[in-house]
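File shown: data_32.cif. Contents: mmCIF, C-alpha atoms and all ligand atoms.
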data_data
loop_
_atom_site.label_atom_id
_atom_site.label_comp_id
_atom_site.auth_asym_id
_atom_site.auth_seq_id
_atom_site.Cartn_x
_atom_site.Cartn_y
_atom_site.Cartn_z
CA MET F 1 -132.04 17.37 71.35
CA ILE F 2 -129.92 19.43 73.78
CA LYS F 3 -130.10 23.13 72.93
CA VAL F 4 -126.82 24.99 73.48
CA VAL F 5 -125.71 28.63 73.62
CA VAL F 6 -121.97 29.34 73.32
CA GLN F 7 -120.57 32.34 75.17
CA GLY F 8 -117.27 33.46 73.61
CA ALA F 9 -118.36 31.95 70.29
CA SER F 10 -115.71 33.79 68.23
CA GLY F 11 -112.83 32.94 70.57
CA ARG F 12 -110.21 30.33 69.75
CA VAL F 13 -111.93 27.55 71.71
CA GLY F 14 -115.45 28.98 71.23
CA GLN F 15 -115.14 28.60 67.45
CA GLU F 16 -114.21 24.95 67.89
CA VAL F 17 -117.25 24.42 70.13
CA VAL F 18 -119.54 26.03 67.53
CA ASN F 19 -118.02 23.80 64.85
CA ALA F 20 -118.29 20.63 66.96
CA LEU F 21 -121.93 21.34 67.84
CA CYS F 22 -122.79 21.53 64.12
CA HIS F 23 -121.69 17.88 63.83
CA GLU F 24 -123.45 16.53 66.94
CA PRO F 25 -126.74 14.79 66.10
CA GLU F 26 -128.07 15.06 69.68
CA MET F 27 -127.25 18.75 70.11
CA GLU F 28 -128.29 22.01 68.51
CA LEU F 29 -126.52 25.37 68.67
CA VAL F 30 -129.38 27.82 69.23
CA GLY F 31 -127.54 31.05 70.02
CA ALA F 32 -124.19 32.74 70.50
CA VAL F 33 -122.77 35.44 72.75
CA GLU F 34 -119.70 37.55 72.08
CA LEU F 35 -118.19 40.66 73.63
CA LYS F 36 -118.05 42.63 70.37
CA VAL F 37 -120.69 41.81 67.77
CA SER F 38 -121.08 43.29 64.31
CA GLY F 39 -124.49 41.76 63.49
CA ASP F 40 -127.40 39.98 65.15
CA HIS F 41 -126.74 36.53 63.66
CA LEU F 42 -123.78 34.15 63.65
CA PRO F 43 -123.48 32.19 60.39
CA LEU F 44 -122.92 28.48 61.08
CA PRO F 45 -119.59 27.11 59.82
CA ASP F 46 -121.28 24.21 57.98
CA GLY F 47 -123.36 26.65 55.92
CA SER F 48 -126.64 25.29 57.32
CA GLY F 49 -127.94 28.70 58.45
CA SER F 50 -127.33 31.08 61.33
CA VAL F 51 -128.24 31.55 65.00
CA PRO F 52 -129.05 34.69 67.04
CA LEU F 53 -125.93 36.54 68.24
CA SER F 54 -125.67 39.23 70.90
CA SER F 55 -123.33 40.63 73.53
CA ASP F 56 -126.21 40.34 76.01
CA LEU F 57 -126.42 36.82 77.49
CA ASP F 58 -129.71 37.54 79.26
CA PHE F 59 -131.30 38.52 75.93
CA ILE F 60 -129.99 35.37 74.21
CA LEU F 61 -131.20 33.15 77.08
CA ALA F 62 -134.72 34.62 76.87
CA LYS F 63 -134.81 34.43 73.07
CA CYS F 64 -133.20 31.01 72.49
CA ARG F 65 -134.27 29.06 75.62
CA PRO F 66 -131.18 26.80 75.72
CA ASP F 67 -130.63 23.80 78.01
CA VAL F 68 -126.91 24.54 78.37
CA VAL F 69 -124.57 27.54 78.16
CA VAL F 70 -120.98 26.68 77.24
CA ASP F 71 -118.46 29.32 78.30
CA PHE F 72 -114.87 29.81 77.09
CA THR F 73 -114.23 33.49 77.80
CA THR F 74 -112.72 35.25 80.81
CA LYS F 75 -113.17 34.69 84.54
CA LYS F 76 -115.23 37.91 84.75
CA ALA F 77 -117.57 36.94 81.89
CA ALA F 78 -117.90 33.35 83.11
CA MET F 79 -118.80 34.39 86.66
CA ALA F 80 -121.28 36.99 85.35
CA ALA F 81 -122.99 34.22 83.33
CA VAL F 82 -123.52 31.95 86.35
CA PRO F 83 -126.40 33.82 88.11
CA LEU F 84 -128.02 34.73 84.77
CA ALA F 85 -128.05 31.15 83.45
CA THR F 86 -128.88 29.34 86.69
CA LYS F 87 -131.80 31.68 87.49
CA GLN F 88 -133.31 30.81 84.11
CA GLY F 89 -132.88 27.08 84.79
CA VAL F 90 -130.02 26.74 82.30
CA ASN F 91 -127.14 24.31 82.94
CA LEU F 92 -123.53 25.47 82.57
CA VAL F 93 -120.36 24.02 81.08
CA ILE F 94 -117.42 26.28 81.91
CA GLY F 95 -113.96 25.81 80.43
CA THR F 96 -112.67 29.27 81.33
CA THR F 97 -109.65 28.96 83.61
CA GLY F 98 -108.59 30.99 86.65
CA LEU F 99 -111.70 30.40 88.79
CA THR F 100 -111.01 30.43 92.54
CA ALA F 101 -112.32 28.11 95.26
CA ASP F 102 -114.79 30.89 96.17
CA ASP F 103 -115.98 31.08 92.55
CA LEU F 104 -116.50 27.30 92.51
CA SER F 105 -118.51 27.31 95.73
CA GLN F 106 -120.65 30.17 94.39
CA ILE F 107 -121.31 28.15 91.21
CA ASP F 108 -122.22 25.08 93.27
CA HIS F 109 -124.52 27.09 95.52
CA LEU F 110 -126.39 28.76 92.62
CA ALA F 111 -126.65 25.51 90.65
CA ILE F 112 -128.12 23.61 93.62
CA ALA F 113 -130.47 26.49 94.52
CA ASN F 114 -131.80 26.57 90.96
CA LYS F 115 -131.76 22.77 90.44
CA VAL F 116 -129.38 22.81 87.48
CA GLY F 117 -126.01 21.26 86.76
CA ALA F 118 -122.64 22.95 86.27
CA VAL F 119 -119.51 21.30 84.91
CA VAL F 120 -116.31 23.29 85.39
CA ALA F 121 -113.15 21.76 83.98
CA PRO F 122 -109.83 23.55 83.68
CA ASN F 123 -108.74 20.96 81.13
CA PHE F 124 -111.19 19.32 78.74
CA ALA F 125 -108.49 17.38 76.85
CA LEU F 126 -109.14 13.70 77.54
CA GLY F 127 -105.47 12.78 77.08
CA ALA F 128 -104.31 15.38 79.60
CA VAL F 129 -106.75 14.09 82.21
CA LEU F 130 -105.56 10.52 81.57
CA MET F 131 -101.94 11.69 81.79
CA ILE F 132 -102.58 12.99 85.32
CA HIS F 133 -104.41 9.77 86.21
CA LEU F 134 -101.48 7.62 85.00
CA ALA F 135 -98.91 9.88 86.69
CA LYS F 136 -100.82 9.51 89.97
CA ALA F 137 -100.78 5.72 89.59
CA ALA F 138 -97.01 5.72 88.96
CA ALA F 139 -96.25 8.25 91.73
CA LYS F 140 -96.38 5.64 94.51
CA TYR F 141 -93.53 3.67 92.97
CA PHE F 142 -90.97 6.45 92.37
CA ASP F 143 -89.22 8.89 94.73
CA TYR F 144 -88.15 11.40 92.08
CA ALA F 145 -90.16 13.18 89.37
CA GLU F 146 -89.90 16.24 87.15
CA ILE F 147 -92.31 17.83 84.69
CA ILE F 148 -91.54 19.61 81.45
CA GLU F 149 -94.49 21.58 80.07
CA LEU F 150 -94.33 23.31 76.69
CA HIS F 151 -96.88 25.81 75.41
CA HIS F 152 -97.45 28.42 72.70
CA HIS F 153 -95.82 31.80 73.34
CA ARG F 154 -99.14 33.59 74.00
CA LYS F 155 -99.88 31.57 77.13
CA ALA F 156 -99.95 34.06 80.01
CA ASP F 157 -99.21 31.81 82.99
CA ALA F 158 -96.24 29.61 83.88
CA PRO F 159 -96.13 26.92 85.11
CA SER F 160 -99.34 25.80 83.44
CA GLY F 161 -102.34 24.98 85.62
CA THR F 162 -102.18 21.39 84.31
CA ALA F 163 -98.54 21.03 85.42
CA LEU F 164 -99.32 22.41 88.88
CA THR F 165 -102.31 20.09 89.22
CA THR F 166 -100.24 17.11 88.04
CA ALA F 167 -97.52 17.78 90.62
CA ARG F 168 -99.98 18.30 93.48
CA GLU F 169 -102.05 15.23 92.57
CA MET F 170 -98.92 13.05 92.27
CA ALA F 171 -97.74 14.11 95.74
CA LYS F 172 -101.22 13.50 97.15
CA ALA F 173 -101.23 9.98 95.64
CA ARG F 174 -97.85 9.28 97.32
CA GLY F 175 -98.95 10.80 100.59
CA LYS F 176 -95.77 12.92 100.77
CA PRO F 177 -93.67 15.24 98.58
CA PHE F 178 -91.15 13.77 96.14
CA SER F 179 -87.47 13.68 97.09
CA ARG F 180 -85.34 16.37 95.51
CA PRO F 181 -82.01 15.44 93.93
CA SER F 182 -79.13 17.01 95.90
CA GLU F 183 -79.22 20.72 95.15
CA GLU F 184 -76.66 22.42 92.96
CA LYS F 185 -74.25 24.66 94.78
CA GLY F 186 -73.76 27.42 92.18
CA GLU F 187 -75.73 30.67 92.39
CA LEU F 188 -76.76 30.68 88.72
CA THR F 189 -78.51 27.30 88.65
CA SER F 190 -82.18 27.23 87.74
CA ARG F 191 -84.27 24.18 88.46
CA GLY F 192 -87.70 25.51 87.53
CA GLU F 193 -90.64 25.94 89.87
CA GLN F 194 -90.53 23.51 92.82
CA ILE F 195 -93.92 22.02 93.67
CA GLU F 196 -94.09 19.15 96.18
CA GLY F 197 -90.49 18.18 95.39
CA ILE F 198 -91.18 18.14 91.65
CA ALA F 199 -89.29 20.64 89.47
CA ILE F 200 -91.56 22.04 86.75
CA HIS F 201 -89.80 23.42 83.66
CA SER F 202 -91.84 25.73 81.42
CA VAL F 203 -91.08 26.27 77.74
CA ARG F 204 -92.89 29.00 75.75
CA LEU F 205 -92.36 29.08 71.97
CA PRO F 206 -94.27 29.87 68.77
CA GLY F 207 -95.07 26.60 66.97
CA LEU F 208 -96.13 24.82 70.15
CA MET F 209 -99.72 24.19 71.29
CA ALA F 210 -99.89 22.38 74.66
CA HIS F 211 -97.51 19.58 75.65
CA GLN F 212 -96.44 17.97 78.88
CA LYS F 213 -93.98 15.25 79.85
CA VAL F 214 -93.93 13.75 83.34
CA ILE F 215 -90.65 11.91 84.01
CA LEU F 216 -90.36 9.67 87.05
CA GLY F 217 -86.97 8.28 88.00
CA LYS F 218 -85.37 5.70 90.23
CA ALA F 219 -82.10 3.78 90.10
CA GLY F 220 -81.48 2.41 86.61
CA GLN F 221 -84.78 3.48 85.02
CA THR F 222 -87.14 6.28 84.18
CA LEU F 223 -90.79 6.29 83.23
CA SER F 224 -92.11 9.06 80.94
CA ILE F 225 -95.76 9.93 80.42
CA CYS F 226 -96.33 12.39 77.57
CA HIS F 227 -99.31 14.24 76.24
CA ASP F 228 -99.29 16.41 73.10
CA THR F 229 -102.06 18.46 71.60
CA ILE F 230 -101.84 19.67 68.03
CA SER F 231 -105.15 21.53 67.76
CA ARG F 232 -107.96 22.86 69.95
CA GLU F 233 -110.14 20.04 68.59
CA CYS F 234 -108.61 18.04 71.46
CA TYR F 235 -111.03 19.70 73.90
CA MET F 236 -114.18 18.84 71.97
CA PRO F 237 -114.86 15.22 73.04
CA GLY F 238 -114.61 16.41 76.68
CA VAL F 239 -116.84 19.43 76.10
CA MET F 240 -119.47 17.37 74.23
CA LEU F 241 -119.45 14.76 77.03
CA ALA F 242 -119.90 17.55 79.61
CA ILE F 243 -122.92 18.93 77.70
CA LYS F 244 -124.53 15.46 77.60
CA GLU F 245 -123.87 14.86 81.31
CA VAL F 246 -124.61 18.29 82.79
CA VAL F 247 -128.30 18.14 81.87
CA LYS F 248 -128.65 14.99 84.04
CA ARG F 249 -127.02 16.53 87.14
CA GLN F 250 -127.59 19.12 89.84
CA GLY F 251 -124.84 21.18 91.47
CA LEU F 252 -121.18 21.45 90.54
CA VAL F 253 -119.08 18.73 88.94
CA TYR F 254 -115.45 19.86 88.97
CA GLY F 255 -113.01 18.35 86.51
CA LEU F 256 -113.30 16.03 83.53
CA ASP F 257 -111.74 13.29 85.68
CA THR F 258 -114.74 13.41 88.04
CA LEU F 259 -117.10 13.32 85.07
CA LEU F 260 -115.26 10.26 83.70
CA GLY F 261 -115.27 8.60 87.14
CA LEU F 262 -111.44 8.40 87.24
N1 LIG X 1 -110.83 24.06 79.96
C1 LIG X 1 -110.04 23.87 78.90
O1 LIG X 1 -109.78 22.74 78.48
C2 LIG X 1 -109.49 25.07 78.19
C3 LIG X 1 -108.78 24.92 76.99
C4 LIG X 1 -108.31 26.06 76.35
C5 LIG X 1 -108.57 27.32 76.88
N2 LIG X 1 -109.26 27.40 78.05
C6 LIG X 1 -109.62 28.69 78.66
O2 LIG X 1 -110.75 29.18 77.96
C7 LIG X 1 -110.74 30.60 77.99
C8 LIG X 1 -110.83 31.14 76.57
O3 LIG X 1 -109.68 30.73 75.86
P1 LIG X 1 -109.48 31.13 74.33
O4 LIG X 1 -108.11 30.67 73.97
O5 LIG X 1 -110.63 30.64 73.51
O6 LIG X 1 -109.51 32.72 74.44
P2 LIG X 1 -109.96 33.79 73.34
O7 LIG X 1 -109.57 33.33 71.99
O8 LIG X 1 -109.47 35.11 73.84
O9 LIG X 1 -111.56 33.73 73.41
C9 LIG X 1 -112.32 34.31 74.42
C10 LIG X 1 -113.53 34.90 73.76
O10 LIG X 1 -114.43 35.34 74.76
C11 LIG X 1 -114.88 36.64 74.37
N3 LIG X 1 -115.35 37.38 75.53
C12 LIG X 1 -114.65 38.06 76.45
N4 LIG X 1 -115.46 38.62 77.37
C13 LIG X 1 -116.72 38.30 77.01
C14 LIG X 1 -118.01 38.61 77.53
N5 LIG X 1 -118.16 39.38 78.60
N6 LIG X 1 -119.10 38.10 76.91
C15 LIG X 1 -118.95 37.35 75.82
N7 LIG X 1 -117.77 37.03 75.26
C16 LIG X 1 -116.66 37.50 75.85
C17 LIG X 1 -113.67 37.28 73.71
O11 LIG X 1 -114.04 38.40 72.95
P3 LIG X 1 -112.91 39.50 72.56
O12 LIG X 1 -111.92 38.79 71.71
O13 LIG X 1 -113.69 40.54 71.86
O14 LIG X 1 -112.33 39.97 73.88
C18 LIG X 1 -113.18 36.11 72.87
O15 LIG X 1 -113.87 36.00 71.64
C19 LIG X 1 -109.46 30.98 78.75
O16 LIG X 1 -109.76 31.15 80.12
C20 LIG X 1 -108.58 29.76 78.57
O17 LIG X 1 -107.60 29.64 79.59
C21 LIG X 1 -109.72 26.31 78.71
#
Could you express the structure from this file as structure tokens?
Ligand SMILES: NC(=O)c1ccc[n+]([C@@H]2O[C@H](COP(=O)([O-])OP(=O)(O)OC[C@H]3O[C@@H](n4cnc5c(N)ncnc54)[C@H](OP(=O)(O)O)[C@@H]3O)[C@@H](O)[C@H]2O)c1
Amino acid sequence: MIKVVVQGASGRVGQEVVNALCHEPEMELVGAVELKVSGDHLPLPDGSGSVPLSSDLDFILAKCRPDVVVDFTTKKAAMAAVPLATKQGVNLVIGTTGLTADDLSQIDHLAIANKVGAVVAPNFALGAVLMIHLAKAAAKYFDYAEIIELHHHRKADAPSGTALTTAREMAKARGKPFSRPSEEKGELTSRGEQIEGIAIHSVRLPGLMAHQKVILGKAGQTLSICHDTISRECYMPGVMLAIKEVVKRQGLVYGLDTLLGL
């Protein structure tokens, strides 16, 4: 049984992780951490009981002795958790986005020094990772590509990190940037964010979750690769896989694609 603590347990993704853990036979939620807590126990969503809850990760680690901490919070909270967890021999699965290359090398260093594993993945949705994989495979055969990414209106960043990664990975697979269609002459034209010759168009609307369409074009044909999410459940197979894998590893594994061997 893999014992898990969730940091950010009341957040939008954290709640899904708590729920998913309740249905995993090989895993047990043993504790929860939140920024603002109104009690010392978190009731489990399946009604099977409750687990210790605190805003103090160090306290929860000492009390619950988990194998893994799963974090979906903020960059600041995630990075604060890394030395605390690794020093206590606890593995980490981090889904929080916005970590820098320096943050990743610090995580790797602390994980190796303390002989634990750390999986950091900016996108745990299996379909999104496969979309990038397929777009990379197609990239060699097309000279033109554009990306349309659509997200809920509360998303802070644009273009999305997934769209930026897709464009950069596609160009890397080709070995050169994509060709850009001849530019419009007018001053009022808008062709989105240009990354490696790929125009990325960002849509932000209520009613959307996370969607992306990669369109590759050449004379007489286009190829479209689409991924749509309709709920945050989409991240759970990836997060559960990361929990199972991280306990077998030492050091940093970056990206669900690496974990899947893509
Ligand atoms: N990797 C992926 O596949 C993936 C998918 C979706 C989202 N994300 C990322 O995951 C993160 C969380 O997203 P979300 O939509 O779940 O956000 P959210 O709903 O705002 O949840 C974050 C939770 O973390 C809590 N928190 C903040 N600071 C904390 C601290 N120091 N200690 C403990 N808990 C703390 C927040 O508490 P308060 O509400 O009290 O501030 C909140 O409950 C973001 O970085 C997002 O970009 C990643």
All residues having an atom within 8 Å of ligand LIG 1 (chain X) (all atoms listed in the file) as a short mmCIF file (atom, residue, chain, number, x, y, z; two decimals) with C-alpha atoms, in the coordinates of the input:
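After the write, out10.cif holds the following:
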data_model
loop_
_atom_site.label_atom_id
_atom_site.label_comp_id
_atom_site.auth_asym_id
_atom_site.auth_seq_id
_atom_site.Cartn_x
_atom_site.Cartn_y
_atom_site.Cartn_z
CA GLN F 7 -120.57 32.34 75.17
CA GLY F 8 -117.27 33.46 73.61
CA ALA F 9 -118.36 31.95 70.29
CA SER F 10 -115.71 33.79 68.23
CA GLY F 11 -112.83 32.94 70.57
CA ARG F 12 -110.21 30.33 69.75
CA VAL F 13 -111.93 27.55 71.71
CA GLY F 14 -115.45 28.98 71.23
CA GLN F 15 -115.14 28.60 67.45
CA VAL F 33 -122.77 35.44 72.75
CA GLU F 34 -119.70 37.55 72.08
CA LEU F 35 -118.19 40.66 73.63
CA LYS F 36 -118.05 42.63 70.37
CA SER F 55 -123.33 40.63 73.53
CA ASP F 56 -126.21 40.34 76.01
CA LEU F 57 -126.42 36.82 77.49
CA ASP F 71 -118.46 29.32 78.30
CA PHE F 72 -114.87 29.81 77.09
CA THR F 73 -114.23 33.49 77.80
CA THR F 74 -112.72 35.25 80.81
CA LYS F 75 -113.17 34.69 84.54
CA LYS F 76 -115.23 37.91 84.75
CA ALA F 77 -117.57 36.94 81.89
CA ALA F 78 -117.90 33.35 83.11
CA ALA F 80 -121.28 36.99 85.35
CA ILE F 94 -117.42 26.28 81.91
CA GLY F 95 -113.96 25.81 80.43
CA THR F 96 -112.67 29.27 81.33
CA THR F 97 -109.65 28.96 83.61
CA GLY F 98 -108.59 30.99 86.65
CA VAL F 120 -116.31 23.29 85.39
CA ALA F 121 -113.15 21.76 83.98
CA PRO F 122 -109.83 23.55 83.68
CA ASN F 123 -108.74 20.96 81.13
CA PHE F 124 -111.19 19.32 78.74
CA ALA F 125 -108.49 17.38 76.85
CA ARG F 232 -107.96 22.86 69.95
CA TYR F 235 -111.03 19.70 73.90
#
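Within 7 Å of range 151-159 of chain F, once all atoms listed in the file are used and residues closer than 6 positions along the same chain are dropped, the contacting residues are F:Ile200, F:Ser202, F:Val203, F:Arg204, F:Leu205, F:Pro206, F:Gly207, F:Leu208, F:Met209, F:Ala210, F:His211.
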Output file for the residues above (C-alpha atoms, as an mmCIF file, in the frame of the given file):
data_model
loop_
_atom_site.group_PDB
_atom_site.id
_atom_site.type_symbol
_atom_site.label_atom_id
_atom_site.label_comp_id
_atom_site.auth_asym_id
_atom_site.auth_seq_id
_atom_site.Cartn_x
_atom_site.Cartn_y
_atom_site.Cartn_z
ATOM 1 C CA ILE F 200 -91.560 22.040 86.750
ATOM 2 C CA SER F 202 -91.840 25.730 81.420
ATOM 3 C CA VAL F 203 -91.080 26.270 77.740
ATOM 4 C CA ARG F 204 -92.890 29.000 75.750
ATOM 5 C CA LEU F 205 -92.360 29.080 71.970
ATOM 6 C CA PRO F 206 -94.270 29.870 68.770
ATOM 7 C CA GLY F 207 -95.070 26.600 66.970
ATOM 8 C CA LEU F 208 -96.130 24.820 70.150
ATOM 9 C CA MET F 209 -99.720 24.190 71.290
ATOM 10 C CA ALA F 210 -99.890 22.380 74.660
ATOM 11 C CA HIS F 211 -97.510 19.580 75.650
#
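Candidate residues F:Cys64, F:Leu134, F:Val239, F:Ala85 were compared for distance to Val18 in chain F, and the nearest is F:Val239, using only C-alpha atoms.
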So the first atom is CA of Asn91 in chain F and the second is CA of Gly255 in chain F; what is the distance between them in Å, to one decimal place? 15.7 Å
Spatial neighbours of Leu223 in chain F, max dist 10 Å, all atoms listed in the file, sep filter under 5 positions, as a VMD selection string: chain F and resid 135 138 142 145 214 to 218
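Reported to one decimal place, the separation of CA of Thr258 in chain F from CA of Ser179 in chain F is 28.7 Å.
Nearest residue to Val93 in chain F among F:Ile107, F:Leu61, F:Ala32, F:Val70 is F:Val70, counting all atoms listed in the file.
One finds CA of Ala139 in chain F at 20.2 Å from CA of Arg191 in chain F.
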